[in-house]
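Engineer: Dropping in model19.cif, which is mmCIF, C-alpha atoms and all ligand atoms:
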```cif
data_upload
#
loop_
_atom_site.label_atom_id
_atom_site.label_comp_id
_atom_site.auth_asym_id
_atom_site.auth_seq_id
_atom_site.Cartn_x
_atom_site.Cartn_y
_atom_site.Cartn_z
CA MET A 1 18.33 15.72 5.25
CA THR A 2 17.01 18.97 3.92
CA THR A 3 14.51 21.07 5.86
CA LYS A 4 11.98 20.25 3.13
CA ALA A 5 12.23 16.56 3.96
CA LYS A 6 11.73 17.20 7.68
CA ARG A 7 8.49 19.12 7.18
CA ARG A 8 5.61 17.59 9.14
CA THR A 9 2.90 16.10 7.00
CA PRO A 10 -0.68 15.12 7.86
CA GLU A 11 -0.53 12.26 5.36
CA PRO A 12 0.17 9.41 7.84
CA TYR A 13 -3.05 10.21 9.72
CA LEU A 14 -5.11 10.60 6.56
CA TRP A 15 -3.65 7.37 5.21
CA LEU A 16 -4.57 5.50 8.42
CA LEU A 17 -8.20 6.67 7.99
CA PHE A 18 -8.01 5.68 4.30
CA SER A 19 -6.61 2.22 4.93
CA GLY A 20 -8.90 1.65 7.96
CA GLY A 21 -11.85 2.64 5.76
CA GLY A 22 -10.68 0.29 3.02
CA VAL A 23 -10.46 -2.66 5.39
CA ILE A 24 -13.84 -1.89 6.97
CA ALA A 25 -15.48 -1.38 3.58
CA ALA A 26 -14.15 -4.70 2.29
CA LEU A 27 -15.08 -6.62 5.43
CA VAL A 28 -18.44 -5.28 6.57
CA LEU A 29 -20.05 -3.18 3.82
CA PRO A 30 -21.40 -6.14 1.79
CA VAL A 31 -22.88 -7.63 4.96
CA LEU A 32 -24.44 -4.31 5.98
CA VAL A 33 -25.93 -3.79 2.52
CA LEU A 34 -27.38 -7.29 2.70
CA ILE A 35 -28.87 -6.76 6.19
CA PHE A 36 -30.14 -3.17 5.86
CA GLY A 37 -30.68 -2.99 2.12
CA VAL A 38 -32.22 -6.38 1.39
CA LEU A 39 -33.15 -8.48 4.41
CA ALA A 40 -34.59 -5.76 6.69
CA PRO A 41 -36.84 -4.19 3.98
CA LEU A 42 -38.08 -7.70 3.13
CA GLY A 43 -38.92 -8.26 6.77
CA ILE A 44 -36.42 -11.11 7.09
CA GLY A 45 -34.57 -11.33 10.37
CA ASP A 46 -34.99 -9.51 13.67
CA PRO A 47 -35.20 -5.71 13.21
CA ALA A 48 -34.59 -5.08 16.94
CA PHE A 49 -30.89 -4.21 16.90
CA PRO A 50 -29.19 -3.32 20.18
CA SER A 51 -28.82 0.45 20.61
CA TRP A 52 -25.01 0.43 20.35
CA THR A 53 -25.32 -0.75 16.74
CA ARG A 54 -25.74 2.89 15.70
CA TRP A 55 -22.34 3.82 17.13
CA ILE A 56 -20.68 1.03 15.22
CA LEU A 57 -22.51 2.16 12.10
CA LEU A 58 -21.33 5.74 12.59
CA ILE A 59 -17.71 4.60 12.79
CA VAL A 60 -18.20 2.49 9.67
CA VAL A 61 -19.80 5.39 7.78
CA PHE A 62 -17.06 7.83 8.84
CA LEU A 63 -14.20 5.52 7.87
CA CYS A 64 -15.79 4.57 4.53
CA LEU A 65 -16.36 8.24 3.66
CA ALA A 66 -12.79 9.11 4.69
CA HIS A 67 -11.60 6.29 2.43
CA ALA A 68 -13.63 7.58 -0.50
CA ALA A 69 -12.52 11.18 0.09
CA HIS A 70 -8.85 10.18 0.05
CA ARG A 71 -9.25 8.21 -3.15
CA ILE A 72 -11.23 10.96 -4.90
CA ARG A 73 -8.69 13.56 -3.77
CA PHE A 74 -5.75 11.71 -5.32
CA THR A 75 -7.67 10.73 -8.44
CA LEU A 76 -8.62 14.36 -9.11
CA ALA A 77 -5.14 15.61 -8.22
CA GLU A 78 -3.56 13.32 -10.78
CA THR A 79 -6.13 13.42 -13.56
CA LEU A 80 -7.18 17.09 -13.46
CA ARG A 81 -3.85 18.26 -11.98
CA LEU A 82 -5.66 20.22 -9.27
CA PRO A 83 -3.65 21.21 -6.18
CA HIS A 84 -4.02 19.18 -2.99
CA ARG A 85 -4.43 22.45 -1.07
CA LEU A 86 -7.75 22.90 -2.81
CA LEU A 87 -8.87 19.28 -3.06
CA ALA A 88 -8.06 18.09 0.45
CA PRO A 89 -10.38 20.51 2.33
CA VAL A 90 -13.22 19.83 -0.11
CA ALA A 91 -12.84 16.03 -0.10
CA TYR A 92 -12.40 15.54 3.64
CA GLY A 93 -14.96 18.32 4.30
CA LEU A 94 -17.55 16.36 2.32
CA ALA A 95 -16.65 13.20 4.27
CA LEU A 96 -17.19 15.07 7.54
CA ALA A 97 -20.46 16.54 6.26
CA GLY A 98 -21.63 13.03 5.35
CA THR A 99 -20.71 11.84 8.81
CA VAL A 100 -22.74 14.69 10.35
CA VAL A 101 -25.72 13.65 8.23
CA ALA A 102 -25.27 10.09 9.50
CA VAL A 103 -25.16 11.36 13.10
CA ILE A 104 -28.40 13.28 12.57
CA ALA A 105 -30.06 10.28 10.91
CA LEU A 106 -28.91 7.70 13.44
CA VAL A 107 -28.70 9.35 16.85
CA MET B 1 13.84 -8.46 -41.75
CA THR B 2 12.56 -6.69 -38.68
CA VAL B 3 12.15 -2.94 -38.71
CA LEU B 4 13.41 -1.06 -35.66
CA GLU B 5 12.02 2.43 -35.25
CA VAL B 6 14.55 4.13 -33.03
CA SER B 7 14.27 7.49 -31.31
CA ARG B 8 17.22 9.69 -32.22
CA TYR B 9 18.24 12.87 -30.49
CA ARG B 10 21.58 14.42 -31.43
CA PRO B 11 22.14 17.65 -29.49
CA GLY B 12 23.08 20.42 -31.89
CA ILE B 13 21.56 18.55 -34.86
CA ASP B 14 18.02 17.60 -33.80
CA ALA B 15 15.84 20.27 -32.19
CA GLU B 16 13.80 17.45 -30.67
CA PRO B 17 13.83 13.64 -30.82
CA VAL B 18 12.99 12.15 -34.23
CA PHE B 19 12.40 8.55 -35.28
CA GLN B 20 14.71 6.73 -37.64
CA ARG B 21 13.98 3.30 -39.14
CA TYR B 22 16.57 0.54 -39.49
CA GLU B 23 16.20 -2.95 -40.91
CA VAL B 24 17.79 -5.74 -38.92
CA PRO B 25 18.02 -9.44 -39.91
CA ASP B 26 15.54 -11.86 -38.33
CA ASN B 27 17.16 -14.04 -35.70
CA ASP B 28 15.03 -16.05 -33.30
CA ASP B 29 17.43 -15.53 -30.43
CA TRP B 30 18.00 -11.82 -30.91
CA ALA B 31 17.00 -9.46 -28.17
CA VAL B 32 16.16 -5.83 -28.93
CA LEU B 33 19.67 -4.99 -27.71
CA ASP B 34 21.18 -7.33 -30.33
CA GLY B 35 19.20 -5.46 -32.98
CA LEU B 36 20.56 -2.14 -31.72
CA ASN B 37 24.11 -3.50 -31.65
CA TYR B 38 23.69 -4.73 -35.21
CA VAL B 39 22.65 -1.21 -36.24
CA LYS B 40 25.58 0.34 -34.39
CA ASP B 41 28.14 -2.12 -35.79
CA SER B 42 26.89 -2.42 -39.38
CA VAL B 43 24.53 0.40 -40.29
CA ASP B 44 24.95 3.58 -38.27
CA GLY B 45 27.81 3.93 -35.81
CA THR B 46 26.46 7.19 -34.43
CA LEU B 47 23.54 5.54 -32.60
CA SER B 48 24.05 5.85 -28.82
CA PHE B 49 22.67 3.58 -26.11
CA ARG B 50 23.84 2.05 -22.83
CA TRP B 51 24.44 -1.62 -22.20
CA SER B 52 26.99 -3.85 -20.57
CA CYS B 53 26.21 -7.35 -19.33
CA ARG B 54 23.61 -8.59 -21.84
CA MET B 55 22.21 -10.85 -19.12
CA GLY B 56 19.86 -8.79 -16.96
CA ILE B 57 22.42 -8.04 -14.25
CA CYS B 58 23.89 -4.58 -14.83
CA GLY B 59 20.60 -2.71 -15.25
CA SER B 60 21.98 -0.31 -17.87
CA CYS B 61 19.99 -1.31 -20.97
CA GLY B 62 16.53 -0.11 -19.90
CA MET B 63 14.56 1.50 -22.74
CA THR B 64 10.97 1.95 -23.82
CA VAL B 65 10.03 -0.83 -26.25
CA ASN B 66 6.67 -0.39 -27.97
CA GLY B 67 5.61 1.91 -25.15
CA GLU B 68 6.70 -0.29 -22.24
CA PRO B 69 9.77 0.02 -20.02
CA ARG B 70 11.93 -3.06 -20.67
CA LEU B 71 15.45 -4.41 -20.28
CA THR B 72 16.38 -4.57 -23.95
CA CYS B 73 18.77 -7.49 -23.37
CA GLY B 74 15.87 -9.60 -22.08
CA THR B 75 13.21 -8.52 -24.59
CA PHE B 76 13.18 -10.58 -27.77
CA LEU B 77 12.45 -9.27 -31.24
CA ALA B 78 10.66 -12.50 -32.15
CA ASP B 79 7.98 -11.67 -29.56
CA TYR B 80 6.87 -8.64 -31.56
CA ASP B 81 4.92 -8.38 -34.79
CA GLY B 82 5.65 -5.53 -37.17
CA VAL B 83 7.72 -2.47 -36.42
CA VAL B 84 9.46 -2.44 -33.03
CA ARG B 85 9.66 1.06 -31.62
CA VAL B 86 12.59 1.79 -29.28
CA GLU B 87 12.65 5.00 -27.24
CA PRO B 88 14.64 6.17 -24.22
CA LEU B 89 13.11 5.41 -20.80
CA HIS B 90 10.13 7.72 -20.37
CA GLY B 91 10.26 10.14 -17.46
CA PHE B 92 13.97 10.93 -17.70
CA PRO B 93 15.76 13.77 -19.48
CA VAL B 94 17.37 12.52 -22.70
CA ILE B 95 21.09 13.21 -23.15
CA ARG B 96 21.45 11.67 -26.60
CA ASP B 97 19.48 9.07 -28.61
CA LEU B 98 18.54 6.34 -26.11
CA VAL B 99 20.77 7.59 -23.29
CA VAL B 100 19.01 9.27 -20.35
CA ASP B 101 20.33 11.31 -17.44
CA ILE B 102 20.58 9.03 -14.38
CA GLU B 103 22.08 11.66 -12.06
CA PRO B 104 18.80 12.58 -10.27
CA PHE B 105 18.11 8.86 -9.73
CA LEU B 106 21.55 8.32 -8.19
CA GLU B 107 20.94 11.25 -5.84
CA LYS B 108 17.69 9.67 -4.73
CA LEU B 109 19.40 6.37 -4.03
CA SER B 110 22.08 7.97 -1.89
CA SER B 111 19.52 10.13 -0.03
CA VAL B 112 18.16 7.06 1.81
CA SER B 113 21.58 6.23 3.37
CA PRO B 114 21.81 2.84 1.64
CA TRP B 115 24.33 1.20 3.95
CA LEU B 116 24.32 -0.52 7.33
CA ILE B 117 24.16 2.20 9.95
CA ARG B 118 25.70 1.19 13.28
CA SER B 119 26.38 3.08 16.44
CA GLY B 120 29.07 2.24 18.97
CA GLU B 121 32.31 0.40 18.53
CA ASP B 122 33.53 -1.52 15.54
CA PRO B 123 32.51 -5.16 15.75
CA ALA B 124 35.08 -7.70 16.96
CA SER B 125 33.61 -10.43 14.72
CA GLU B 126 31.19 -10.64 11.83
CA PHE B 127 27.44 -10.24 12.40
CA ALA B 128 25.95 -13.65 11.77
CA GLN B 129 22.37 -13.76 10.46
CA THR B 130 19.84 -16.56 10.50
CA PRO B 131 18.26 -17.59 7.19
CA ALA B 132 15.04 -15.92 8.37
CA GLN B 133 16.87 -12.64 9.04
CA LEU B 134 18.35 -12.78 5.55
CA GLU B 135 14.97 -13.58 4.03
CA ALA B 136 13.48 -10.44 5.65
CA TYR B 137 15.27 -8.11 3.22
CA LYS B 138 16.77 -10.36 0.51
CA GLN B 139 14.10 -9.62 -2.10
CA TYR B 140 14.81 -5.87 -1.86
CA SER B 141 18.53 -6.48 -2.30
CA MET B 142 17.93 -7.96 -5.78
CA CYS B 143 17.42 -4.52 -7.37
CA ILE B 144 19.76 -3.79 -10.30
CA ASN B 145 18.97 -0.04 -10.46
CA CYS B 146 17.55 -0.30 -13.95
CA MET B 147 14.98 2.47 -13.32
CA LEU B 148 12.20 0.63 -15.18
CA CYS B 149 10.00 1.10 -12.12
CA TYR B 150 10.41 4.90 -12.28
CA SER B 151 9.58 4.95 -15.95
CA ALA B 152 6.43 2.88 -15.26
CA CYS B 153 5.30 5.01 -12.29
CA PRO B 154 2.70 7.67 -13.17
CA VAL B 155 3.40 9.51 -9.90
CA TYR B 156 7.09 9.86 -10.75
CA VAL B 157 6.38 10.94 -14.31
CA LEU B 158 4.09 13.71 -12.95
CA ASP B 159 6.41 14.69 -10.10
CA PRO B 160 10.13 14.07 -10.68
CA ASP B 161 10.80 14.93 -7.01
CA PHE B 162 9.02 11.74 -5.89
CA LEU B 163 11.62 9.58 -4.14
CA GLY B 164 10.27 6.64 -6.11
CA PRO B 165 10.05 2.84 -6.02
CA ALA B 166 13.67 1.64 -6.18
CA ALA B 167 14.98 4.18 -3.63
CA ILE B 168 12.24 3.28 -1.13
CA ALA B 169 12.77 -0.45 -1.70
CA LEU B 170 16.48 0.15 -1.14
CA ALA B 171 15.72 1.96 2.13
CA GLN B 172 13.63 -1.05 3.20
CA ARG B 173 16.48 -3.37 2.25
CA TYR B 174 18.43 -1.73 5.09
CA ASN B 175 15.51 -0.98 7.45
CA LEU B 176 14.63 -4.67 7.54
CA ASP B 177 18.23 -5.85 7.99
CA SER B 178 18.80 -7.13 11.53
CA ARG B 179 22.29 -5.56 11.54
CA ASP B 180 21.04 -2.06 10.77
CA GLU B 181 20.41 0.51 13.50
CA GLY B 182 19.61 3.44 11.24
CA ASP B 183 16.48 5.55 11.12
CA ARG B 184 15.27 6.69 7.69
CA PHE B 185 11.89 8.03 8.86
CA ASP B 186 12.67 11.70 8.11
CA VAL B 187 13.50 10.91 4.49
CA LEU B 188 10.76 8.34 3.87
CA SER B 189 7.74 9.74 5.74
CA THR B 190 7.37 12.85 3.57
CA ASP B 191 5.10 14.04 0.79
CA GLU B 192 7.87 13.25 -1.71
CA GLY B 193 8.60 9.95 0.06
CA VAL B 194 6.15 7.11 0.70
CA TRP B 195 3.18 9.50 0.99
CA GLY B 196 3.57 10.49 -2.65
CA CYS B 197 2.74 6.92 -3.68
CA THR B 198 -0.89 6.19 -4.58
CA PHE B 199 -0.33 2.44 -4.96
CA VAL B 200 -0.78 2.20 -8.70
CA GLY B 201 1.45 -0.89 -8.63
CA GLU B 202 3.00 -0.39 -12.07
CA CYS B 203 6.50 -0.42 -10.53
CA THR B 204 6.05 -4.01 -9.42
CA SER B 205 4.67 -5.06 -12.83
CA ALA B 206 7.63 -3.45 -14.60
CA CYS B 207 10.37 -4.81 -12.32
CA PRO B 208 12.44 -7.50 -14.06
CA LYS B 209 13.90 -8.71 -10.76
CA HIS B 210 10.71 -9.31 -8.75
CA VAL B 211 11.76 -6.78 -6.14
CA ASP B 212 8.11 -5.76 -5.62
CA PRO B 213 8.83 -2.12 -4.77
CA ALA B 214 5.09 -1.40 -4.39
CA GLU B 215 4.98 -3.79 -1.46
CA ALA B 216 8.06 -2.17 0.07
CA ILE B 217 6.34 1.22 -0.08
CA GLN B 218 3.01 0.06 1.35
CA ARG B 219 4.84 -1.70 4.14
CA TYR B 220 6.73 1.43 5.08
CA LYS B 221 3.50 3.46 4.95
CA LEU B 222 2.15 1.25 7.72
CA THR B 223 5.40 1.53 9.68
CA ALA B 224 5.43 5.33 9.32
CA ALA B 225 1.72 5.77 10.04
CA VAL B 226 1.83 3.68 13.22
CA ARG B 227 4.94 5.54 14.34
CA SER B 228 3.27 8.90 13.67
CA VAL B 229 0.37 7.97 15.96
CA LEU B 230 2.34 5.95 18.52
CA PRO B 231 5.88 7.44 18.40
CA TRP B 232 7.30 4.82 20.78
CA VAL B 233 6.22 1.86 18.62
CA ARG B 234 8.71 0.49 16.10
CA LEU B 235 7.23 -1.94 13.56
S1 LIG C 301 13.10 -2.11 -8.19
FE1 LIG C 301 13.11 -3.46 -10.04
S2 LIG C 301 12.48 -2.06 -11.72
FE2 LIG C 301 13.09 -0.75 -10.01
S3 LIG C 301 15.27 -0.27 -10.40
FE3 LIG C 301 15.22 -2.11 -9.05
S4 LIG C 301 15.29 -3.88 -10.43
FE4 LIG C 301 14.75 -2.08 -11.71
S1 LIG C 302 22.76 -5.17 -20.63
FE1 LIG C 302 22.93 -5.50 -18.46
S2 LIG C 302 20.85 -5.64 -17.83
FE2 LIG C 302 20.67 -5.52 -19.99
#
```
As a first step, turn the structure in this file into structure tokens.
Ligand code: SF4
Ligand code: FES

Structural biologist:
Amino acid sequence: MTTKAKRRTPEPYLWLLFSGGGVIAALVLPVLVLIFGVLAPLGIGDPAFPSWTRWILLIVVFLCLAHAAHRIRFTLAETLRLPHRLLAPVAYGLALAGTVVAVIALV
Amino acid sequence: MTVLEVSRYRPGIDAEPVFQRYEVPDNDDWAVLDGLNYVKDSVDGTLSFRWSCRMGICGSCGMTVNGEPRLTCGTFLADYDGVVRVEPLHGFPVIRDLVVDIEPFLEKLSSVSPWLIRSGEDPASEFAQTPAQLEAYKQYSMCINCMLCYSACPVYVLDPDFLGPAAIALAQRYNLDSRDEGDRFDVLSTDEGVWGCTFVGECTSACPKHVDPAEAIQRYKLTAAVRSVLPWVRL
């Protein structure tokens, strides 16, 4: 094939984060919202979570933000016709920034 | 009478496509293609369009009917109220009237090496396959190259370099064939290949043959992503 076709692309890695985030969001986000958003504030259930819960939560937050960043990047690229070169750093940068905020809040 | 509003483009006469209205008799069993053939035979012999089999097999009669990509031999006039608008397939350069340029599409198809790739000696006997091995790729072999999926795909319409649904489904037809030893990773795992797809899914809705090209693409995304991270794993 042409040299253009052989060019290395970061997309497989970004797509794995995107699809991992999608699966995690669909499977655990509703449960987490129920536990931390409804039950815990109402004082229902045991608030003493084991300490490793925070690490799981960090992974969940990172993957969900990566998922959202990917989706927003492609939505903006196709609706506003903005270049991926510009959108990708901003979108994934914001996902990383959000993850840093989660690290500060949780650790 | 049904009114057909047909897009006309005659190079050298029309600067750009214009619509022309034709009246065709009402017939319950007439497809849009029958209406066009009536026009060509009885009203205006200069109208140009492609067709051959009239039974959803050859894939040559794809056009845009009331804004949607359709096989005109399988789309019935009786299912529409009012004026039926017939345009060439969106997303392709128009050569004349309803005829579009299929050359770029054919190049895409051949770029995925759509044949059984084998190394080593010629086989002494035929390669037998189990029903399950046939089932693994059969759905993707049903494609009739009608290009409706390209016309329906917003990614392709924005970026004509996108390899597109039918070509990727065709690559999977061979990738998933137990007799094939080829490797199409370098063509498929590119920005213009599977990574150009944002899973809109319109290709699958438009496909008259239930090929489900969107599924073929998502499946190869997983194959390519796993292989990018774990190069020794072949899904
Ligand atoms: S995948 Fe379906 S819509 Fe696309 S060219 Fe093949 S038969 Fe037509
Ligand atoms: S004329 Fe052959 S598919 Fe319609």

Engineer: Distance cut-off 12 Å, counting only C-alpha atoms - which residues of chain B neighbour chain A? Return them as number ranges by chain.

Structural biologist: B: 108, 110-113, 154-159, 161-163, 183-200, 218, 220-230

Engineer: Output as lines of an AutoDock Vina configuration file the centre and edge lengths (Å, one decimal) of the box along x, y and z of the file that holds every listed atom of ligand LIG 302 (chain C) after adding 4 Å on each side.

Structural biologist:
```
center_x = 21.8
center_y = -5.4
center_z = -19.2
size_x = 10.3
size_y = 8.5
size_z = 10.8
```

Engineer: Using only C-alpha atoms and all ligand atoms for the distances, tell me which of B:Cys61, B:Arg85, B:Leu235, B:Val94 is nearest to ligand LIG 301 (chain C).

Structural biologist: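 Comparing B:Cys61, B:Arg85, B:Leu235, B:Val94 against ligand LIG 301 (chain C), the winner is B:Cys61.
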
Engineer: Find the residues near B:Lys138: any atom within 10 Å, counting all atoms listed in the file, skip ones fewer than 3 places away on the same chain, and give them as a list in words.

Structural biologist: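 Using all atoms listed in the file, the neighbours found are Pro131, Ala132, Gln133, Leu134, Glu135, Ser141, Met142, Cys143, Arg173, Tyr174, Leu176, Asp177 and Val211 of chain B.
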
Engineer: Find the residues near ligand LIG 302 (chain C). Use a cut-off of 7 Å, count all atoms listed in the file, and write them as a list in words.

Structural biologist: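 Answer in the requested format: Trp51, Ser52, Cys53, Arg54, Met55, Gly56, Ile57, Cys58, Gly59, Ser60, Cys61, Gly62, Leu71, Thr72, Cys73 and Gly74 of chain B.
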
Engineer: Any idea what the distance is between atom CA of B:Tyr80 and atom CA of B:Pro213?

Structural biologist: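 Computed distance, atom CA of B:Tyr80 to atom CA of B:Pro213, equals 27.6 Å.
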
Engineer: Enumerate residues in contact with ligand LIG 301 (chain C): an atom-to-atom distance of at most 6 Å, counting only C-alpha atoms and all ligand atoms. Format the result as JSON, numbers by chain.

Structural biologist: {"B": [143, 144, 145, 146, 147, 148, 149, 166, 206, 207, 208, 209, 211, 213]}

Engineer: Calculate how many Å separate atom CA of B:Val83 from atom CA of B:Ser42, rounding to one decimal.

Structural biologist: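 Computing the Euclidean distance for atom CA of B:Val83 and atom CA of B:Ser42 yields 19.4 Å.
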
Engineer: Excluding same-chain residues fewer than 5 positions from A:Thr99, what lies within 8 Å of it counting all atoms listed in the file, as an mmCIF file with C-alpha atoms, in the frame of the given file?

Structural biologist:
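Listed below is the output, out-v6.cif:
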```
data_model
loop_
_atom_site.group_PDB
_atom_site.id
_atom_site.type_symbol
_atom_site.label_atom_id
_atom_site.label_comp_id
_atom_site.auth_asym_id
_atom_site.auth_seq_id
_atom_site.Cartn_x
_atom_site.Cartn_y
_atom_site.Cartn_z
ATOM 1 C CA LEU A 58 -21.330 5.740 12.590
ATOM 2 C CA VAL A 61 -19.800 5.390 7.780
ATOM 3 C CA PHE A 62 -17.060 7.830 8.840
ATOM 4 C CA LEU A 65 -16.360 8.240 3.660
#
```

Engineer: With all atoms listed in the file as the basis for distance, which of A:Ile44, A:Val31, A:Leu82, A:Ala97 is at the shortest distance from A:Ala66?

Structural biologist: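 So, comparing all the options, the nearest one is A:Ala97.
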
Engineer: What gap, in Å, lies between atom CA of A:His67 and atom CA of A:Thr53?

Structural biologist: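 It comes out at 21.0 Å.
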
Engineer: Mind checking which residues fall within 12 Å of stretch 24-26 of chain B, counting all atoms listed in the file, ignoring those fewer than 6 positions away in the same chain, and posting them as a list in words?

Structural biologist: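 So, after excluding close chain neighbours, the residues are Met1, Thr2, Val3, Leu4, Glu5, Val6, Val32, Leu33, Asp34, Gly35, Leu36, Asn37, Tyr38, Val39, Lys40, Asp41, Ser42, Val43, Asp44, Phe76, Leu77, Ala78, Asp79, Tyr80, Asp81, Gly82, Val83 and Val84 of chain B.
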
Engineer: Residues near A:Arg85, anyone? I mean within 12 Å using all atoms listed in the file, not counting same-chain ones fewer than 6 positions away, as a list of chain:residue names.

Structural biologist: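 Final neighbour list, sorted by chain and number: A:Arg73, A:Phe74, A:Ala77, A:Ala91, A:Tyr92.
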
Engineer: With N, CA and C atoms as the target, complete stretch 80-95 of chain A and hand it back as a tab-separated table (two decimals), in the coordinates of the input.

Structural biologist:
```
chain	number	residue	atom	x	y	z
A	80	LEU	N	-6.91	15.69	-13.09
A	80	LEU	CA	-7.18	17.09	-13.46
A	80	LEU	C	-6.03	18.01	-13.10
A	81	ARG	N	-4.99	17.47	-12.41
A	81	ARG	CA	-3.85	18.26	-11.98
A	81	ARG	C	-4.27	19.44	-11.10
A	82	LEU	N	-5.25	19.19	-10.22
A	82	LEU	CA	-5.66	20.22	-9.27
A	82	LEU	C	-4.78	20.12	-8.02
A	83	PRO	N	-4.54	21.25	-7.34
A	83	PRO	CA	-3.65	21.21	-6.18
A	83	PRO	C	-4.32	20.55	-4.96
A	84	HIS	N	-3.50	19.83	-4.19
A	84	HIS	CA	-4.02	19.18	-2.99
A	84	HIS	C	-4.57	20.20	-2.00
A	85	ARG	N	-3.98	21.40	-1.99
A	85	ARG	CA	-4.43	22.45	-1.07
A	85	ARG	C	-5.91	22.73	-1.26
A	86	LEU	N	-6.35	22.63	-2.50
A	86	LEU	CA	-7.75	22.90	-2.81
A	86	LEU	C	-8.59	21.64	-2.60
A	87	LEU	N	-8.08	20.52	-3.07
A	87	LEU	CA	-8.87	19.28	-3.06
A	87	LEU	C	-9.06	18.71	-1.66
A	88	ALA	N	-7.99	18.75	-0.85
A	88	ALA	CA	-8.06	18.09	0.45
A	88	ALA	C	-9.19	18.65	1.32
A	89	PRO	N	-9.29	19.99	1.49
A	89	PRO	CA	-10.38	20.51	2.33
A	89	PRO	C	-11.76	20.11	1.80
A	90	VAL	N	-11.92	20.16	0.46
A	90	VAL	CA	-13.22	19.83	-0.11
A	90	VAL	C	-13.54	18.34	0.12
A	91	ALA	N	-12.58	17.47	-0.20
A	91	ALA	CA	-12.84	16.03	-0.10
A	91	ALA	C	-13.11	15.61	1.34
A	92	TYR	N	-12.19	15.97	2.25
A	92	TYR	CA	-12.40	15.54	3.64
A	92	TYR	C	-13.57	16.30	4.28
A	93	GLY	N	-13.80	17.55	3.81
A	93	GLY	CA	-14.96	18.32	4.30
A	93	GLY	C	-16.25	17.60	3.96
A	94	LEU	N	-16.35	17.08	2.72
A	94	LEU	CA	-17.55	16.36	2.32
A	94	LEU	C	-17.70	15.07	3.15
A	95	ALA	N	-16.57	14.41	3.44
A	95	ALA	CA	-16.65	13.20	4.27
A	95	ALA	C	-17.18	13.54	5.66
```
